[in-house]
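Dropping protein.cif in here (mmCIF, C-alpha atoms):
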data_upload
loop_
_atom_site.label_atom_id
_atom_site.label_comp_id
_atom_site.auth_asym_id
_atom_site.auth_seq_id
_atom_site.Cartn_x
_atom_site.Cartn_y
_atom_site.Cartn_z
CA MET A 1 -57.77 -80.62 6.58
CA ARG A 2 -56.98 -80.31 2.86
CA PHE A 3 -54.45 -77.61 3.76
CA GLY A 4 -52.81 -79.64 6.54
CA ARG A 5 -52.66 -78.62 10.18
CA PRO A 6 -53.82 -75.09 10.96
CA ILE A 7 -51.31 -72.32 11.45
CA VAL A 8 -51.69 -70.82 14.92
CA VAL A 9 -51.64 -67.07 14.41
CA VAL A 10 -51.13 -64.73 17.35
CA SER A 11 -52.46 -61.30 16.47
CA GLY A 12 -53.70 -58.01 17.84
CA LEU A 13 -52.75 -54.37 17.94
CA PRO A 14 -49.17 -53.43 18.73
CA ARG A 15 -48.51 -53.65 22.48
CA SER A 16 -51.56 -55.88 23.11
CA GLY A 17 -49.73 -58.89 24.56
CA THR A 18 -48.89 -60.81 21.39
CA SER A 19 -45.30 -61.51 22.46
CA MET A 20 -46.53 -62.83 25.81
CA ALA A 21 -48.97 -65.15 24.00
CA MET A 22 -46.18 -66.43 21.76
CA ARG A 23 -43.98 -67.06 24.81
CA MET A 24 -46.84 -68.99 26.43
CA LEU A 25 -47.33 -71.18 23.38
CA GLU A 26 -43.61 -71.90 23.14
CA ALA A 27 -43.43 -72.76 26.86
CA GLY A 28 -46.42 -75.05 26.44
CA GLY A 29 -44.66 -77.07 23.76
CA LEU A 30 -45.80 -75.53 20.46
CA GLU A 31 -43.05 -74.73 17.98
CA VAL A 32 -42.95 -71.03 17.08
CA VAL A 33 -41.86 -69.38 13.86
CA SER A 34 -39.45 -66.57 14.71
CA ASP A 35 -36.23 -65.42 13.08
CA GLY A 36 -34.82 -63.77 16.22
CA LEU A 37 -33.72 -60.67 14.30
CA ARG A 38 -35.60 -58.28 16.57
CA VAL A 39 -33.89 -58.85 19.88
CA ALA A 40 -35.25 -58.34 23.37
CA ASP A 41 -35.06 -54.80 24.70
CA GLU A 42 -36.44 -52.63 27.50
CA SER A 43 -39.93 -52.67 25.97
CA ASN A 44 -40.02 -56.47 25.50
CA PRO A 45 -37.41 -58.00 27.85
CA THR A 46 -38.34 -61.57 26.90
CA GLY A 47 -38.31 -61.00 23.13
CA TYR A 48 -40.63 -60.11 20.27
CA TYR A 49 -41.12 -63.50 18.58
CA GLU A 50 -41.27 -61.95 15.12
CA ASP A 51 -40.39 -63.15 11.64
CA GLU A 52 -39.43 -60.47 9.11
CA ARG A 53 -41.21 -62.33 6.29
CA VAL A 54 -44.54 -61.47 7.93
CA LYS A 55 -43.87 -57.78 7.29
CA GLU A 56 -43.83 -58.54 3.55
CA LEU A 57 -47.25 -60.23 3.42
CA ASP A 58 -48.86 -57.15 1.89
CA LYS A 59 -46.02 -56.65 -0.61
CA SER A 60 -45.08 -60.12 -1.83
CA ALA A 61 -47.19 -62.47 -3.91
CA ASP A 62 -45.12 -65.44 -2.70
CA THR A 63 -46.54 -66.67 0.59
CA SER A 64 -45.57 -70.31 0.06
CA TRP A 65 -43.19 -70.08 3.04
CA LEU A 66 -46.28 -70.03 5.26
CA ASN A 67 -46.84 -73.72 4.47
CA GLU A 68 -43.85 -74.45 6.72
CA ALA A 69 -45.74 -72.80 9.61
CA ARG A 70 -48.53 -75.38 9.59
CA GLY A 71 -48.88 -76.81 13.06
CA LYS A 72 -46.73 -74.01 14.49
CA ALA A 73 -47.36 -70.53 15.93
CA ILE A 74 -46.52 -67.30 14.16
CA LYS A 75 -47.12 -63.68 15.11
CA VAL A 76 -48.99 -61.56 12.55
CA ILE A 77 -49.93 -58.00 13.46
CA SER A 78 -53.65 -57.33 12.97
CA PHE A 79 -53.02 -54.94 10.06
CA LEU A 80 -51.64 -57.85 7.98
CA LEU A 81 -54.27 -60.51 8.69
CA ARG A 82 -56.10 -59.59 5.48
CA ASP A 83 -53.01 -60.62 3.52
CA LEU A 84 -52.94 -64.20 4.77
CA PRO A 85 -53.84 -66.49 1.85
CA ASP A 86 -56.86 -68.81 1.88
CA THR A 87 -54.53 -71.73 1.11
CA ASN A 88 -54.10 -72.39 4.83
CA ASN A 89 -56.38 -72.77 7.81
CA TYR A 90 -55.65 -70.46 10.73
CA ARG A 91 -56.43 -70.61 14.43
CA VAL A 92 -56.16 -66.98 15.41
CA ILE A 93 -55.49 -66.03 19.02
CA PHE A 94 -56.51 -62.38 18.95
CA MET A 95 -55.15 -60.39 21.87
CA HIS A 96 -57.19 -57.53 23.30
CA ARG A 97 -56.00 -54.86 25.72
CA PRO A 98 -57.71 -51.68 26.96
CA MET A 99 -57.03 -48.95 24.40
CA GLY A 100 -55.57 -46.56 26.98
CA GLU A 101 -53.00 -49.18 27.96
CA VAL A 102 -52.12 -49.84 24.32
CA MET A 103 -51.54 -46.13 23.76
CA THR A 104 -49.52 -45.69 26.97
CA SER A 105 -47.36 -48.73 26.19
CA GLN A 106 -46.82 -47.64 22.58
CA ASN A 107 -45.75 -44.15 23.68
CA ALA A 108 -43.40 -45.60 26.32
CA MET A 109 -41.78 -47.83 23.71
CA LEU A 110 -41.31 -44.91 21.30
CA ARG A 111 -39.76 -42.82 24.06
CA ALA A 112 -37.42 -45.67 25.04
CA ARG A 113 -36.27 -45.88 21.42
CA GLN A 114 -36.05 -42.10 21.24
CA GLU A 115 -38.25 -42.17 18.14
CA ARG A 116 -40.13 -39.10 17.05
CA VAL A 117 -43.76 -39.48 18.11
CA GLU A 118 -46.30 -38.69 15.39
CA VAL A 119 -48.02 -35.33 15.90
CA THR A 120 -51.48 -36.78 16.38
CA THR A 121 -53.62 -36.87 19.46
CA ASP A 122 -53.95 -40.17 21.30
CA GLU A 123 -57.72 -39.85 20.94
CA ARG A 124 -57.45 -39.73 17.15
CA ILE A 125 -55.14 -42.75 17.02
CA ALA A 126 -57.38 -44.61 19.46
CA ARG A 127 -60.40 -43.98 17.19
CA GLN A 128 -58.42 -45.23 14.18
CA TYR A 129 -57.44 -48.36 16.12
CA GLU A 130 -61.06 -48.96 17.18
CA ASP A 131 -62.22 -48.63 13.54
CA HIS A 132 -59.47 -51.02 12.49
CA LEU A 133 -60.47 -53.59 15.14
CA ARG A 134 -64.08 -53.53 13.90
CA ALA A 135 -62.91 -54.07 10.31
CA VAL A 136 -60.60 -56.94 11.35
CA SER A 137 -63.39 -58.59 13.33
CA ALA A 138 -65.64 -58.50 10.26
CA LEU A 139 -62.84 -59.86 8.06
CA LEU A 140 -62.16 -62.77 10.41
CA ALA A 141 -65.87 -63.59 10.62
CA ARG A 142 -66.43 -63.72 6.87
CA ARG A 143 -63.40 -65.74 5.80
CA PRO A 144 -63.85 -69.47 6.49
CA CYS A 145 -60.10 -70.09 6.77
CA PHE A 146 -60.11 -68.32 10.16
CA ASP A 147 -61.15 -69.70 13.56
CA VAL A 148 -60.76 -67.05 16.25
CA LEU A 149 -60.28 -67.02 20.00
CA ASP A 150 -60.47 -63.57 21.59
CA VAL A 151 -58.11 -63.28 24.57
CA ASP A 152 -58.02 -60.41 27.04
CA TYR A 153 -54.48 -59.46 28.11
CA PRO A 154 -55.41 -58.34 31.67
CA GLU A 155 -57.32 -61.60 32.20
CA VAL A 156 -54.26 -63.62 31.18
CA VAL A 157 -52.15 -61.71 33.70
CA ASP A 158 -54.79 -62.05 36.45
CA ARG A 159 -55.75 -65.68 35.76
CA PRO A 160 -52.89 -67.23 33.77
CA LEU A 161 -53.74 -70.91 34.29
CA GLU A 162 -57.41 -70.48 33.42
CA GLN A 163 -56.56 -68.56 30.26
CA ALA A 164 -53.70 -70.94 29.35
CA GLU A 165 -56.12 -73.88 29.53
CA ARG A 166 -58.58 -71.98 27.33
CA ILE A 167 -55.87 -71.23 24.75
CA ALA A 168 -54.57 -74.83 24.84
CA ARG A 169 -58.08 -76.19 24.17
CA PHE A 170 -58.49 -73.83 21.22
CA VAL A 171 -55.10 -74.67 19.70
CA GLY A 172 -55.54 -78.41 20.24
CA GLY A 173 -52.70 -80.87 20.62
CA PRO A 174 -50.69 -81.71 23.69
CA LEU A 175 -49.90 -78.30 25.17
CA ASP A 176 -48.83 -78.00 28.82
CA ALA A 177 -51.12 -75.31 30.25
CA SER A 178 -49.21 -75.12 33.54
CA LYS A 179 -45.98 -74.27 31.70
CA MET A 180 -47.89 -71.77 29.58
CA ALA A 181 -49.22 -70.10 32.73
CA ALA A 182 -45.74 -70.03 34.28
CA ALA A 183 -44.50 -68.04 31.27
CA VAL A 184 -46.76 -65.11 32.22
CA ASP A 185 -44.71 -62.49 34.05
CA ARG A 186 -46.97 -60.14 36.01
CA ALA A 187 -44.05 -57.71 36.46
CA LEU A 188 -44.09 -56.99 32.73
CA TYR A 189 -47.64 -55.58 32.94
CA ARG A 190 -46.22 -52.10 33.40
CA ASN A 191 -48.61 -49.82 31.52
CA ARG A 192 -51.92 -50.37 33.23
CA GLY A 193 -54.92 -48.23 32.48
#

Would it be possible to restate this file's structure as structure tokens?
Amino acid sequence: MRFGRPIVVVSGLPRSGTSMAMRMLEAGGLEVVSDGLRVADESNPTGYYEDERVKELDKSADTSWLNEARGKAIKVISFLLRDLPDTNNYRVIFMHRPMGEVMTSQNAMLRARQERVEVTTDERIARQYEDHLRAVSALLARRPCFDVLDVDYPEVVDRPLEQAERIARFVGGPLDASKMAAAVDRALYRNRG
């Protein structure tokens, strides 16, 4: 506890259910760190729950602002977990989703934004993502500042109360699991494998 209360970090690949997990935590009573700059859209109708400062973790030496996130939840994409300083303790809720669904959802979001899709096969990107996930898993295991709970996105959608209770136990504190479960919107699970 020398670094105060742990920061609850919601992480995973893009399109793996991180925004849903943040919404659940907020509904359950945990304060979330989000600047609201990235507004809800067709791809994430209930919001992204992002903070632009997170995107600078790999560029800025000043991470002192993270101290304000102690006891709160913040979303950190898996590619930036390595840049979190050891001056905090982190309870990481790591979201997992079948790779085919991640790819389908990512492509749908790019199309909705009318962004140019990278000329790379989905299989190649999927392999890169799988390699990245293995590296992140090793990183989280070897750094003592991280405690990790792996959460499967389809299981949350299929059994929201059971998974909400599991997440609430991991986070600790007085979270309302029934409100967390109610924040799960099955209709938003649109890109199934």

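Considering all atoms listed in the file, the residue among A:Gly29, A:Gly17, A:Gly71, A:Gly4 positioned nearest to A:Tyr48 is A:Gly17.
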
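Atom pair atom CA of A:Arg53 / atom CA of A:Leu80 has a distance of 11.5 Å (rounded to one decimal).
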
All residues 6 Å or closer to A:Tyr90, all atoms listed in the file, same chain fewer than 6 positions away omitted, as a list in words = Pro6, Ile7, Val8, Cys145 and Phe146 of chain A

For the point (-56.2, -62.5, 30.4) in file coordinates, what residues are within 12 Å, counting all atoms listed in the file? Give the answer as a ChimeraX atom specification?
-> /A:16-18,20-21,93-98,150-167,181,184,186,189

Have a look at atom CA of A:Arg142 and atom CA of A:Glu52 and let me know their distance in Å, one decimal.
-> 27.3 Å

Resolved residues for the PyMOL selection byres ((chain A and resi 124-137) around 12) as a ChimeraX atom specification | /A:11-14,16,77-83,92,94-104,106-107,117-123,138-143,146-150

Output C-alpha atoms of each residue in that selection to a file, as a tab-separated table (two decimals), in the coordinates of the input.
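Result written to again-v4.tsv:
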chain	number	residue	atom	x	y	z
A	11	SER	CA	-52.46	-61.30	16.47
A	12	GLY	CA	-53.70	-58.01	17.84
A	13	LEU	CA	-52.75	-54.37	17.94
A	14	PRO	CA	-49.17	-53.43	18.73
A	16	SER	CA	-51.56	-55.88	23.11
A	77	ILE	CA	-49.93	-58.00	13.46
A	78	SER	CA	-53.65	-57.33	12.97
A	79	PHE	CA	-53.02	-54.94	10.06
A	80	LEU	CA	-51.64	-57.85	7.98
A	81	LEU	CA	-54.27	-60.51	8.69
A	82	ARG	CA	-56.10	-59.59	5.48
A	83	ASP	CA	-53.01	-60.62	3.52
A	92	VAL	CA	-56.16	-66.98	15.41
A	94	PHE	CA	-56.51	-62.38	18.95
A	95	MET	CA	-55.15	-60.39	21.87
A	96	HIS	CA	-57.19	-57.53	23.30
A	97	ARG	CA	-56.00	-54.86	25.72
A	98	PRO	CA	-57.71	-51.68	26.96
A	99	MET	CA	-57.03	-48.95	24.40
A	100	GLY	CA	-55.57	-46.56	26.98
A	101	GLU	CA	-53.00	-49.18	27.96
A	102	VAL	CA	-52.12	-49.84	24.32
A	103	MET	CA	-51.54	-46.13	23.76
A	104	THR	CA	-49.52	-45.69	26.97
A	106	GLN	CA	-46.82	-47.64	22.58
A	107	ASN	CA	-45.75	-44.15	23.68
A	117	VAL	CA	-43.76	-39.48	18.11
A	118	GLU	CA	-46.30	-38.69	15.39
A	119	VAL	CA	-48.02	-35.33	15.90
A	120	THR	CA	-51.48	-36.78	16.38
A	121	THR	CA	-53.62	-36.87	19.46
A	122	ASP	CA	-53.95	-40.17	21.30
A	123	GLU	CA	-57.72	-39.85	20.94
A	138	ALA	CA	-65.64	-58.50	10.26
A	139	LEU	CA	-62.84	-59.86	8.06
A	140	LEU	CA	-62.16	-62.77	10.41
A	141	ALA	CA	-65.87	-63.59	10.62
A	142	ARG	CA	-66.43	-63.72	6.87
A	143	ARG	CA	-63.40	-65.74	5.80
A	146	PHE	CA	-60.11	-68.32	10.16
A	147	ASP	CA	-61.15	-69.70	13.56
A	148	VAL	CA	-60.76	-67.05	16.25
A	149	LEU	CA	-60.28	-67.02	20.00
A	150	ASP	CA	-60.47	-63.57	21.59

Across A:Lys179, A:Arg169, A:Lys59, A:Arg91, the smallest distance to A:Arg23, with all atoms listed in the file counted, is shown by A:Lys179

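The space separating atom CA of A:Pro174 from atom CA of A:Asp51 comes to 24.4 Å.
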
For A:Ala40, work out the shell of residues within 12 Å, counting all atoms listed in the file and skipping chain neighbours fewer than 6 positions away, then give it as a ChimeraX atom specification.
-> /A:19,46-50

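Applied to the file shown here, the PyMOL selection byres ((chain A and resi 69) around 10) selects Arg5, Pro6, Ile7, Val8, Val9, Glu31, Val32, Val33, Ser64, Trp65, Leu66, Asn67, Glu68, Arg70, Gly71, Lys72, Ala73, Ile74 and Asn88 of chain A.
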
Selected by the PyMOL selection byres ((chain A and resi 28) around 8) in the shown coordinates: which residues, as a ChimeraX atom specification?
-> /A:24-27,29-30,175-180

To box stretch 173-178 of chain A, take all atoms listed in the file, fit an axis-aligned box, add 4 Å on each side, and give centre and edge lengths in Å to one decimal, as lines of an AutoDock Vina configuration file.
center_x = -50.8
center_y = -78.4
center_z = 27.1
size_x = 11.9
size_y = 14.6
size_z = 20.9

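Across A:Val171, A:Ala182, A:Leu188, A:Leu84, the tightest approach to A:Val54 is made by A:Leu84 when counting only C-alpha atoms.
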